[in-house]
There are 2 protein chains.
Amino acid sequence: MTSNENPAILIRHPQWLSRAVAMHKQQAYPDITERMQLVIALARTNIEQASGGPFAAAIFDMTSHRLIAAGVNVVVPNACSMAHAEMVAISSAQQQLQTHDLGTDQIPGMELVSSCEPCAMCVGAITWSGIRKLVCGAAAEDAANIGFDEGPRHPQWQAELQKRDISVITEICRDNAAAVLQEYTRLNGKIYNGRSSQ
Amino acid sequence: MTSNENPAILIRHPQWLSRAVAMHKQQAYPDITERMQLVIALARTNIEQASGGPFAAAIFDMTSHRLIAAGVNVVVPNACSMAHAEMVAISSAQQQLQTHDLGTDQIPGMELVSSCEPCAMCVGAITWSGIRKLVCGAAAEDAANIGFDEGPRHPQWQAELQKRDISVITEICRDNAAAVLQEYTRLNGKIYNGRSSQ
C-alpha cells in the first residue's frame with residue numbers, strides 16, 4: 001500500500017468465491033428459489049472449503065435478475081467481526097456500483113438474498129443499504145440451534161424494514177439452508193458469536 | 001491488486017486521520033473527558049475537511065488508556081453505507097490486532113468512545129466486536145435534530161448491551177458533541193440516512 005491509500009479496513013473474498021461470482025454473473029436467475037439455491041450453495045462451499053462461517057448472501061438486480069455481488073461469512077479469516085455475509089454482499093455491490101445507496105434512482109432496484117435471517121447488525125445495515133427487498137432462507141431459530149445468536153435485534157424487525165419500504169420474505173428453501181448450518185456443526189465449525197452465553 | 005487478493009471491500013481513512021491517529025497514539029488519555037474531546041475533535045475535523053459525516057469514534061486500551069484505532073464516518077467517499085465511524089474504528093482495531101474479537105483474553109479490555117449514540121447497525125456490531133465498554137457523546141435526539149435516523153434500534157439497546165457485559169456511559173461532553181452536528185448542518189453537509197422519511 002502506498003502512503004496515500006490510508007487503508008482502514010480490507011476484507012477479502014475467498015478465492016473460490018471471486019471465481020463463482022464471475023461465473024454466475026453470466027446468466028439470469030428469474031426464479032426466487034433458484035436465487036436462494038445459488039446462495040445456499042455458496043454457504044455450503046464456504047464450510048466445505050473451511051473459508052468462513054455457514055452463511056452466504058447475494059445482491060440481485062430486481063429487473064434483470066442477474067447477480068451483482070455476493071458475500072460469505074469471513075469474520076475469522078479477515079479478523080473482522082462485521083464481515084457477515086450480508087455486510088460483505090451489500091458493501092461489495094455498493095463499491096462495485098460506486099454508490100453508498102443501492103436505492104438510488106440511477107440504478108435498478110436491488111434485492112438481498114440471504115441464506116439465513118439477518119442478525120441485529122445486518123438488520124441495521126440493510127436499513128442504510130438502499131436495497132428494496134430481503135429474501136431469507138434459514139430462520140433465526142435454525143441459527144440459534146447451532147449456537148449463533150442474532151443479537152439485540154428489534155423485536156419487530158420485519159415490520160421496521162417494511163416501514164422503510166424494504167419488503168421481507170422469509171423461509172425460502174428453509175430446510176436446505178438449515179441443513180448447511182447443521183453440517184457446519186458436524187464439521188466442528190467455530191461458533192464465535194456466543195458472548196451472550198458466557 | 002493481484003488476483004489472489006480477492007478484495008471484496010476496501011475502506012480508506014481520510015489522509016489527515018491516519019496522521020492524527022499516529023500522533024495521538026504517542027500519549028495516554030486517562031481521563032474519559034479527554035478521550036471524548038479527542039473523538040469530538042476528529043468529528044469536527046472530518047466536517048471541516050469535507051471528508052465525511054459529522055461522526056467519529058475510537059478504540060482505547062482500558063488498561064493503558066492509549067488510542068488503538070479511530071474512525072470517522074466515510075460512507076459517501078468510500079461508497080459504503082456501513083462505513084459509520086464506530087464500524088471503521090472497531091474493524092480497524094481488529095485488523096491491526098489480528099483478531100475478530102477485541103474481548104479475547106490475550107489482549108487488554110477495549111473501550112469504544114463515540115461522538116454520538118450508535119445506530120441500529122452499530123449497536124449490533126458492538127455486540128459482536130468484543131469491546132467491554134461504550135462511551136457516547138451526543139444523544140440520539142441530537143442526531144435526529146439534524147435529520148440522521150438511528151434506524152430500527154432495539155428499544156432497550158443499552159440494557160441489551162449490558163446483558164452482554166458491555167457497560168454503557170452516555171452524554172459525556174454531549175453539548176460539544178452536538179455542536180459538531182449543528183455545525184455540519186450549517187455547512188450544508190449531506191444527510192444520507194433519511195430513507196425512512198421519504
# chains A, B, ... in the order shown; residues from 1 in each chain; ligands from 1
$ residues_around --residues "region 141-144 of chain B" --least-positions-apart "6" --cutoff "8 Å" --atoms "only C-alpha atoms" --output "short mmCIF file (atom, residue, chain, number, x, y, z; two decimals) with N, CA and C atoms, in the first residue's frame"
data_model
loop_
_atom_site.label_atom_id
_atom_site.label_comp_id
_atom_site.auth_asym_id
_atom_site.auth_seq_id
_atom_site.Cartn_x
_atom_site.Cartn_y
_atom_site.Cartn_z
N CYS B 116 -21.30 10.08 19.14
CA CYS B 116 -22.78 10.06 19.15
C CYS B 116 -23.23 8.65 19.53
N GLU B 150 -31.61 6.91 13.70
CA GLU B 150 -30.85 5.81 14.34
C GLU B 150 -31.28 4.44 13.81
N ALA B 178 -22.76 17.57 20.25
CA ALA B 178 -23.95 18.02 19.50
C ALA B 178 -23.63 19.26 18.66
N LEU B 181 -22.60 18.40 15.22
CA LEU B 181 -23.74 18.05 14.37
C LEU B 181 -24.41 19.31 13.82
#
$ residues_around --residues "Ile32 (chain A)" --least-positions-apart "5" --cutoff "9 Å" --atoms "only C-alpha atoms" --output "MDAnalysis selection string"
chainID A and resid 37 113 135 172
$ closest_atom_pairs --of "chain A" --to "chain B" --cutoff "8 Å" --atoms "only C-alpha atoms" --output "Markdown table"
| residue | atom | partner | partner_atom | distance |
| --- | --- | --- | --- | --- |
| A:Asn4 | CA | B:Gln15 | CA | 6.7 |
| A:Glu5 | CA | B:Arg12 | CA | 6.7 |
| A:Asn6 | CA | B:Arg12 | CA | 5.3 |
| A:Pro7 | CA | B:Arg12 | CA | 4.3 |
| A:Ala8 | CA | B:Arg12 | CA | 5.0 |
| A:Ile9 | CA | B:Ile11 | CA | 5.1 |
| A:Leu10 | CA | B:Leu10 | CA | 4.7 |
| A:Ile11 | CA | B:Ile9 | CA | 5.1 |
| A:Arg12 | CA | B:Pro7 | CA | 4.3 |
| A:His13 | CA | B:Asn6 | CA | 5.4 |
| A:Pro14 | CA | B:Asn6 | CA | 6.9 |
| A:Gln15 | CA | B:Asn6 | CA | 6.2 |
| A:Ser18 | CA | B:Asn6 | CA | 6.5 |
| A:Val75 | CA | B:His100 | CA | 6.4 |
| A:Val76 | CA | B:His100 | CA | 6.0 |
| A:Asn78 | CA | B:Gln95 | CA | 7.4 |
| A:Ala79 | CA | B:His100 | CA | 4.1 |
| A:Cys80 | CA | B:His100 | CA | 4.6 |
| A:Ser81 | CA | B:His100 | CA | 4.9 |
| A:Met82 | CA | B:Ala125 | CA | 6.2 |
| A:Met87 | CA | B:Met82 | CA | 7.7 |
| A:Val88 | CA | B:Ala8 | CA | 6.9 |
| A:Ser91 | CA | B:Cys80 | CA | 5.6 |
| A:Ser92 | CA | B:Ala8 | CA | 5.5 |
| A:Gln94 | CA | B:Cys80 | CA | 6.0 |
| A:Gln95 | CA | B:Ala79 | CA | 5.5 |
| A:Gln98 | CA | B:Ala79 | CA | 5.5 |
| A:Thr99 | CA | B:Ala79 | CA | 4.7 |
| A:His100 | CA | B:Ala79 | CA | 4.1 |
| A:Asp101 | CA | B:Ser81 | CA | 6.9 |
| A:Cys119 | CA | B:Gly124 | CA | 7.5 |
| A:Ala120 | CA | B:Gly124 | CA | 4.8 |
| A:Met121 | CA | B:Gly124 | CA | 3.9 |
| A:Cys122 | CA | B:Met121 | CA | 6.4 |
| A:Val123 | CA | B:Met121 | CA | 6.8 |
| A:Gly124 | CA | B:Met121 | CA | 3.9 |
| A:Ala125 | CA | B:Met121 | CA | 5.3 |
| A:Thr127 | CA | B:Gly151 | CA | 6.8 |
| A:Trp128 | CA | B:Ser81 | CA | 6.0 |
| A:Ser129 | CA | B:Ser81 | CA | 5.7 |
| A:Gly151 | CA | B:Gly124 | CA | 6.4 |
| A:Pro152 | CA | B:Glu160 | CA | 6.1 |
| A:Arg153 | CA | B:His154 | CA | 5.9 |
| A:His154 | CA | B:His154 | CA | 4.3 |
| A:Pro155 | CA | B:His154 | CA | 7.1 |
| A:Trp157 | CA | B:Pro152 | CA | 6.9 |
| A:Glu160 | CA | B:Pro152 | CA | 6.0 |
| A:Leu161 | CA | B:Pro152 | CA | 7.8 |
| A:Lys163 | CA | B:Ser196 | CA | 7.4 |
| A:Arg164 | CA | B:Ser196 | CA | 5.0 |
| A:Asn193 | CA | B:Trp128 | CA | 6.3 |
| A:Arg195 | CA | B:Arg164 | CA | 6.8 |
| A:Ser196 | CA | B:Arg164 | CA | 5.1 |
$ write_last_selection --atoms "C-alpha atoms" --output "PDB file, in the first residue's frame"
ATOM      1  CA  ASN A   4      -1.772   7.997   0.252  1.00  0.00           C
ATOM      2  CA  GLU A   5      -4.082   4.979   0.255  1.00  0.00           C
ATOM      3  CA  ASN A   6      -4.711   5.052   4.026  1.00  0.00           C
ATOM      4  CA  PRO A   7      -6.446   1.680   4.197  1.00  0.00           C
ATOM      5  CA  ALA A   8      -8.569   1.355   7.324  1.00  0.00           C
ATOM      6  CA  ILE A   9     -10.240  -1.953   6.524  1.00  0.00           C
ATOM      7  CA  LEU A  10      -9.643  -4.562   3.833  1.00  0.00           C
ATOM      8  CA  ILE A  11     -11.990  -7.517   3.549  1.00  0.00           C
ATOM      9  CA  ARG A  12     -11.124 -10.272   1.077  1.00  0.00           C
ATOM     10  CA  HIS A  13     -13.372 -12.878  -0.518  1.00  0.00           C
ATOM     11  CA  PRO A  14     -12.158 -16.465  -0.544  1.00  0.00           C
ATOM     12  CA  GLN A  15     -10.593 -17.112  -3.968  1.00  0.00           C
ATOM     13  CA  SER A  18     -14.490 -14.495  -6.703  1.00  0.00           C
ATOM     14  CA  VAL A  75     -15.269 -12.967  10.109  1.00  0.00           C
ATOM     15  CA  VAL A  76     -12.448 -15.216  11.318  1.00  0.00           C
ATOM     16  CA  ASN A  78     -10.423 -11.452   7.874  1.00  0.00           C
ATOM     17  CA  ALA A  79     -10.157 -10.701  11.631  1.00  0.00           C
ATOM     18  CA  CYS A  80     -13.277  -8.557  11.298  1.00  0.00           C
ATOM     19  CA  SER A  81     -16.432  -9.183  13.327  1.00  0.00           C
ATOM     20  CA  MET A  82     -18.568  -7.171  10.921  1.00  0.00           C
ATOM     21  CA  MET A  87     -22.455  -6.930   5.038  1.00  0.00           C
ATOM     22  CA  VAL A  88     -19.919  -8.220   2.522  1.00  0.00           C
ATOM     23  CA  SER A  91     -20.694  -3.349   0.549  1.00  0.00           C
ATOM     24  CA  SER A  92     -19.243  -5.243  -2.352  1.00  0.00           C
ATOM     25  CA  GLN A  94     -22.021  -0.619  -3.415  1.00  0.00           C
ATOM     26  CA  GLN A  95     -18.303  -0.297  -4.110  1.00  0.00           C
ATOM     27  CA  GLN A  98     -19.718   3.283  -6.776  1.00  0.00           C
ATOM     28  CA  THR A  99     -22.664   4.383  -4.668  1.00  0.00           C
ATOM     29  CA  HIS A 100     -23.401   4.131  -0.938  1.00  0.00           C
ATOM     30  CA  ASP A 101     -27.108   3.901  -1.832  1.00  0.00           C
ATOM     31  CA  CYS A 119     -28.728 -10.514  12.897  1.00  0.00           C
ATOM     32  CA  ALA A 120     -29.168  -7.194  14.736  1.00  0.00           C
ATOM     33  CA  MET A 121     -26.204  -5.596  12.940  1.00  0.00           C
ATOM     34  CA  CYS A 122     -27.301  -6.751   9.491  1.00  0.00           C
ATOM     35  CA  VAL A 123     -30.900  -5.541  10.019  1.00  0.00           C
ATOM     36  CA  GLY A 124     -29.455  -2.096  10.692  1.00  0.00           C
ATOM     37  CA  ALA A 125     -27.105  -2.321   7.721  1.00  0.00           C
ATOM     38  CA  THR A 127     -31.833  -0.197   6.522  1.00  0.00           C
ATOM     39  CA  TRP A 128     -28.968   2.006   5.314  1.00  0.00           C
ATOM     40  CA  SER A 129     -28.086  -0.017   2.191  1.00  0.00           C
ATOM     41  CA  GLY A 151     -28.023 -10.291  18.954  1.00  0.00           C
ATOM     42  CA  PRO A 152     -30.201  -7.405  20.177  1.00  0.00           C
ATOM     43  CA  ARG A 153     -32.426  -7.296  17.111  1.00  0.00           C
ATOM     44  CA  HIS A 154     -35.520  -5.078  17.182  1.00  0.00           C
ATOM     45  CA  PRO A 155     -38.438  -7.336  18.228  1.00  0.00           C
ATOM     46  CA  TRP A 157     -37.521  -6.070  12.769  1.00  0.00           C
ATOM     47  CA  GLU A 160     -39.418  -1.936  10.841  1.00  0.00           C
ATOM     48  CA  LEU A 161     -37.862  -2.815   7.470  1.00  0.00           C
ATOM     49  CA  LYS A 163     -41.967   0.688   7.200  1.00  0.00           C
ATOM     50  CA  ARG A 164     -38.856   1.784   5.285  1.00  0.00           C
ATOM     51  CA  ASN A 193     -20.801 -15.060  18.265  1.00  0.00           C
ATOM     52  CA  ARG A 195     -20.505 -13.987  24.038  1.00  0.00           C
ATOM     53  CA  SER A 196     -24.070 -13.620  25.320  1.00  0.00           C
TER      54      SER A 196
END
$ select_by_dssp --residues "region 5-160 of chain B" --states "strand (DSSP E or B)" --output "PyMOL selection string"
chain B and resi 7-12+28+56-61+66-72+110-116+133-138
$ write_last_selection --atoms "N, CA and C atoms" --output "compact mmCIF listing (two decimals), in the first residue's frame"
# COMPACT_ATOMS: atom_id res chain seq x y z
N PRO B 7 -10.06 -8.70 -3.25
CA PRO B 7 -10.65 -7.71 -2.36
C PRO B 7 -12.16 -7.63 -2.57
N ALA B 8 -12.89 -7.69 -1.48
CA ALA B 8 -14.34 -7.53 -1.57
C ALA B 8 -14.72 -6.11 -1.19
N ILE B 9 -14.03 -5.59 -0.17
CA ILE B 9 -14.34 -4.26 0.35
C ILE B 9 -13.04 -3.60 0.79
N LEU B 10 -12.88 -2.36 0.42
CA LEU B 10 -11.72 -1.58 0.87
C LEU B 10 -12.24 -0.24 1.37
N ILE B 11 -12.02 0.03 2.64
CA ILE B 11 -12.43 1.31 3.22
C ILE B 11 -11.18 2.07 3.62
N ARG B 12 -11.09 3.30 3.15
CA ARG B 12 -9.91 4.13 3.44
C ARG B 12 -10.25 5.23 4.42
N ALA B 28 -1.01 8.86 26.57
CA ALA B 28 -2.15 8.20 27.20
C ALA B 28 -3.25 9.22 27.49
N ALA B 56 -17.34 10.61 14.74
CA ALA B 56 -16.05 9.95 14.91
C ALA B 56 -16.16 8.97 16.07
N ALA B 57 -15.25 8.02 16.10
CA ALA B 57 -15.20 7.02 17.18
C ALA B 57 -13.77 6.53 17.31
N ALA B 58 -13.44 6.02 18.48
CA ALA B 58 -12.08 5.50 18.68
C ALA B 58 -12.09 4.36 19.68
N ILE B 59 -11.15 3.46 19.51
CA ILE B 59 -10.94 2.35 20.44
C ILE B 59 -9.75 2.70 21.33
N PHE B 60 -9.95 2.59 22.63
CA PHE B 60 -8.87 2.81 23.61
C PHE B 60 -8.63 1.53 24.41
N ASP B 61 -7.37 1.28 24.72
CA ASP B 61 -6.97 0.21 25.64
C ASP B 61 -7.39 0.66 27.05
N ARG B 66 -4.43 4.15 26.13
CA ARG B 66 -3.85 4.62 24.87
C ARG B 66 -4.82 4.36 23.71
N LEU B 67 -4.70 5.22 22.72
CA LEU B 67 -5.51 5.08 21.50
C LEU B 67 -5.01 3.88 20.70
N ILE B 68 -5.93 3.02 20.28
CA ILE B 68 -5.58 1.86 19.46
C ILE B 68 -5.93 2.13 18.00
N ALA B 69 -7.14 2.65 17.75
CA ALA B 69 -7.58 2.90 16.38
C ALA B 69 -8.71 3.92 16.42
N ALA B 70 -8.93 4.59 15.31
CA ALA B 70 -10.03 5.55 15.23
C ALA B 70 -10.72 5.42 13.89
N GLY B 71 -11.90 6.00 13.81
CA GLY B 71 -12.63 6.01 12.54
C GLY B 71 -13.50 7.25 12.49
N VAL B 72 -13.72 7.75 11.30
CA VAL B 72 -14.73 8.79 11.10
C VAL B 72 -15.74 8.25 10.08
N MET B 110 -11.01 -3.46 25.87
CA MET B 110 -11.06 -2.32 24.96
C MET B 110 -12.37 -1.55 25.12
N GLU B 111 -12.27 -0.24 24.97
CA GLU B 111 -13.40 0.68 25.12
C GLU B 111 -13.65 1.38 23.78
N LEU B 112 -14.91 1.56 23.42
CA LEU B 112 -15.26 2.35 22.23
C LEU B 112 -15.81 3.69 22.68
N VAL B 113 -15.18 4.76 22.26
CA VAL B 113 -15.66 6.11 22.56
C VAL B 113 -16.22 6.67 21.26
N SER B 114 -17.50 7.05 21.28
CA SER B 114 -18.15 7.51 20.05
C SER B 114 -18.74 8.90 20.25
N SER B 115 -18.61 9.74 19.25
CA SER B 115 -19.10 11.12 19.39
C SER B 115 -20.63 11.19 19.43
N CYS B 116 -21.30 10.08 19.14
CA CYS B 116 -22.78 10.06 19.15
C CYS B 116 -23.23 8.65 19.53
N LYS B 133 -16.74 -1.76 26.87
CA LYS B 133 -17.34 -0.52 27.37
C LYS B 133 -17.63 0.41 26.19
N LEU B 134 -18.78 1.07 26.23
CA LEU B 134 -19.16 2.05 25.21
C LEU B 134 -19.37 3.39 25.89
N VAL B 135 -18.75 4.43 25.36
CA VAL B 135 -18.92 5.80 25.89
C VAL B 135 -19.46 6.67 24.76
N CYS B 136 -20.58 7.33 24.99
CA CYS B 136 -21.24 8.13 23.93
C CYS B 136 -21.25 9.61 24.28
N GLY B 137 -21.15 10.45 23.26
CA GLY B 137 -21.22 11.90 23.42
C GLY B 137 -22.63 12.40 23.17
N ALA B 138 -22.92 12.78 21.92
CA ALA B 138 -24.25 13.29 21.57
C ALA B 138 -25.31 12.20 21.74
$ select_by_dssp --residues "region 90-184 of chain B" --states "alpha helix (DSSP H)" --output "compact mmCIF listing (two decimals) with N, CA and C atoms, in the first residue's frame"
# COMPACT_ATOMS: atom_id res chain seq x y z
N ILE B 90 -13.86 0.02 15.06
CA ILE B 90 -13.83 -1.37 15.55
C ILE B 90 -13.04 -2.27 14.59
N SER B 91 -13.38 -2.21 13.31
CA SER B 91 -12.74 -3.10 12.33
C SER B 91 -11.27 -2.78 12.17
N SER B 92 -10.94 -1.50 12.23
CA SER B 92 -9.56 -1.08 12.11
C SER B 92 -8.74 -1.64 13.28
N ALA B 93 -9.29 -1.56 14.49
CA ALA B 93 -8.61 -2.13 15.67
C ALA B 93 -8.45 -3.64 15.53
N GLN B 94 -9.51 -4.31 15.09
CA GLN B 94 -9.47 -5.78 14.97
C GLN B 94 -8.42 -6.20 13.95
N GLN B 95 -8.38 -5.53 12.81
CA GLN B 95 -7.43 -5.94 11.78
C GLN B 95 -5.99 -5.61 12.20
N GLN B 96 -5.83 -4.50 12.91
CA GLN B 96 -4.50 -4.15 13.41
C GLN B 96 -4.01 -5.19 14.43
N LEU B 97 -4.92 -5.64 15.31
CA LEU B 97 -4.56 -6.61 16.35
C LEU B 97 -4.72 -8.05 15.87
N ALA B 120 -28.80 1.50 14.92
CA ALA B 120 -29.19 0.08 14.99
C ALA B 120 -28.06 -0.84 14.53
N MET B 121 -27.44 -0.51 13.40
CA MET B 121 -26.36 -1.35 12.87
C MET B 121 -25.18 -1.39 13.83
N CYS B 122 -24.80 -0.22 14.34
CA CYS B 122 -23.61 -0.14 15.20
C CYS B 122 -23.85 -0.82 16.54
N VAL B 123 -25.09 -0.76 17.07
CA VAL B 123 -25.40 -1.50 18.31
C VAL B 123 -25.14 -2.99 18.09
N GLY B 124 -25.60 -3.50 16.95
CA GLY B 124 -25.36 -4.91 16.64
C GLY B 124 -23.88 -5.20 16.49
N ALA B 125 -23.18 -4.33 15.79
CA ALA B 125 -21.74 -4.53 15.56
C ALA B 125 -20.97 -4.50 16.88
N ILE B 126 -21.38 -3.63 17.80
CA ILE B 126 -20.74 -3.54 19.12
C ILE B 126 -20.87 -4.87 19.85
N THR B 127 -22.06 -5.48 19.72
CA THR B 127 -22.30 -6.78 20.35
C THR B 127 -21.28 -7.82 19.92
N TRP B 128 -20.93 -7.83 18.64
CA TRP B 128 -20.02 -8.86 18.09
C TRP B 128 -18.55 -8.48 18.21
N SER B 129 -18.26 -7.23 18.59
CA SER B 129 -16.88 -6.73 18.48
C SER B 129 -15.96 -7.20 19.59
N ALA B 140 -29.15 10.41 20.76
CA ALA B 140 -29.86 10.10 19.52
C ALA B 140 -30.67 11.30 19.03
N GLU B 141 -31.29 12.03 19.97
CA GLU B 141 -32.13 13.17 19.53
C GLU B 141 -31.30 14.29 18.93
N ASP B 142 -30.03 14.41 19.34
CA ASP B 142 -29.16 15.43 18.73
C ASP B 142 -28.92 15.10 17.26
N ALA B 143 -28.75 13.81 16.95
CA ALA B 143 -28.57 13.38 15.56
C ALA B 143 -29.89 13.53 14.80
N ALA B 144 -30.99 13.14 15.46
CA ALA B 144 -32.32 13.25 14.83
C ALA B 144 -32.66 14.70 14.50
N ASN B 145 -32.21 15.61 15.36
CA ASN B 145 -32.50 17.04 15.15
C ASN B 145 -31.93 17.56 13.83
N TRP B 157 -31.77 -0.93 23.95
CA TRP B 157 -30.45 -1.27 23.45
C TRP B 157 -29.36 -1.20 24.52
N GLN B 158 -29.48 -0.25 25.43
CA GLN B 158 -28.44 -0.14 26.47
C GLN B 158 -28.48 -1.36 27.40
N ALA B 159 -29.68 -1.75 27.80
CA ALA B 159 -29.82 -2.93 28.66
C ALA B 159 -29.35 -4.19 27.93
N GLU B 160 -29.63 -4.26 26.61
CA GLU B 160 -29.20 -5.42 25.81
C GLU B 160 -27.67 -5.52 25.77
N LEU B 161 -27.00 -4.38 25.64
CA LEU B 161 -25.53 -4.40 25.65
C LEU B 161 -25.03 -4.79 27.05
N GLN B 162 -25.64 -4.22 28.08
CA GLN B 162 -25.20 -4.51 29.45
C GLN B 162 -25.38 -5.98 29.81
N LYS B 163 -26.46 -6.59 29.29
CA LYS B 163 -26.68 -8.03 29.49
C LYS B 163 -25.50 -8.84 28.96
N ARG B 174 -21.74 15.99 25.98
CA ARG B 174 -22.84 15.97 25.00
C ARG B 174 -22.96 17.27 24.21
N ASP B 175 -22.88 18.42 24.91
CA ASP B 175 -23.07 19.70 24.23
C ASP B 175 -22.00 19.93 23.15
N ASN B 176 -20.75 19.60 23.48
CA ASN B 176 -19.68 19.77 22.49
C ASN B 176 -19.88 18.85 21.29
N ALA B 177 -20.31 17.63 21.58
CA ALA B 177 -20.53 16.66 20.50
C ALA B 177 -21.70 17.10 19.62
N ALA B 178 -22.76 17.57 20.25
CA ALA B 178 -23.95 18.02 19.50
C ALA B 178 -23.63 19.26 18.66
N ALA B 179 -22.69 20.07 19.16
CA ALA B 179 -22.33 21.29 18.42
C ALA B 179 -21.72 20.95 17.05
N VAL B 180 -21.00 19.81 16.97
CA VAL B 180 -20.43 19.39 15.68
C VAL B 180 -21.56 19.03 14.70
N LEU B 181 -22.60 18.40 15.22
CA LEU B 181 -23.74 18.05 14.37
C LEU B 181 -24.41 19.31 13.82
N GLN B 182 -24.58 20.28 14.70
CA GLN B 182 -25.19 21.55 14.28
C GLN B 182 -24.32 22.24 13.23
N GLU B 183 -23.00 22.18 13.45
CA GLU B 183 -22.07 22.82 12.52
C GLU B 183 -22.15 22.16 11.14
N TYR B 184 -22.35 20.84 11.12
CA TYR B 184 -22.47 20.09 9.86
C TYR B 184 -23.67 20.61 9.06
$ atom_distance --atom1 "CA of Thr170 (chain A)" --atom2 "CA of Asn73 (chain A)"
19.6 Å
$ atom_distance --atom1 "CA of Gly147 (chain B)" --atom2 "CA of Cys173 (chain B)"
20.9 Å
$ atom_distance --atom1 "CA of Lys190 (chain B)" --atom2 "CA of Phe55 (chain B)"
12.6 Å
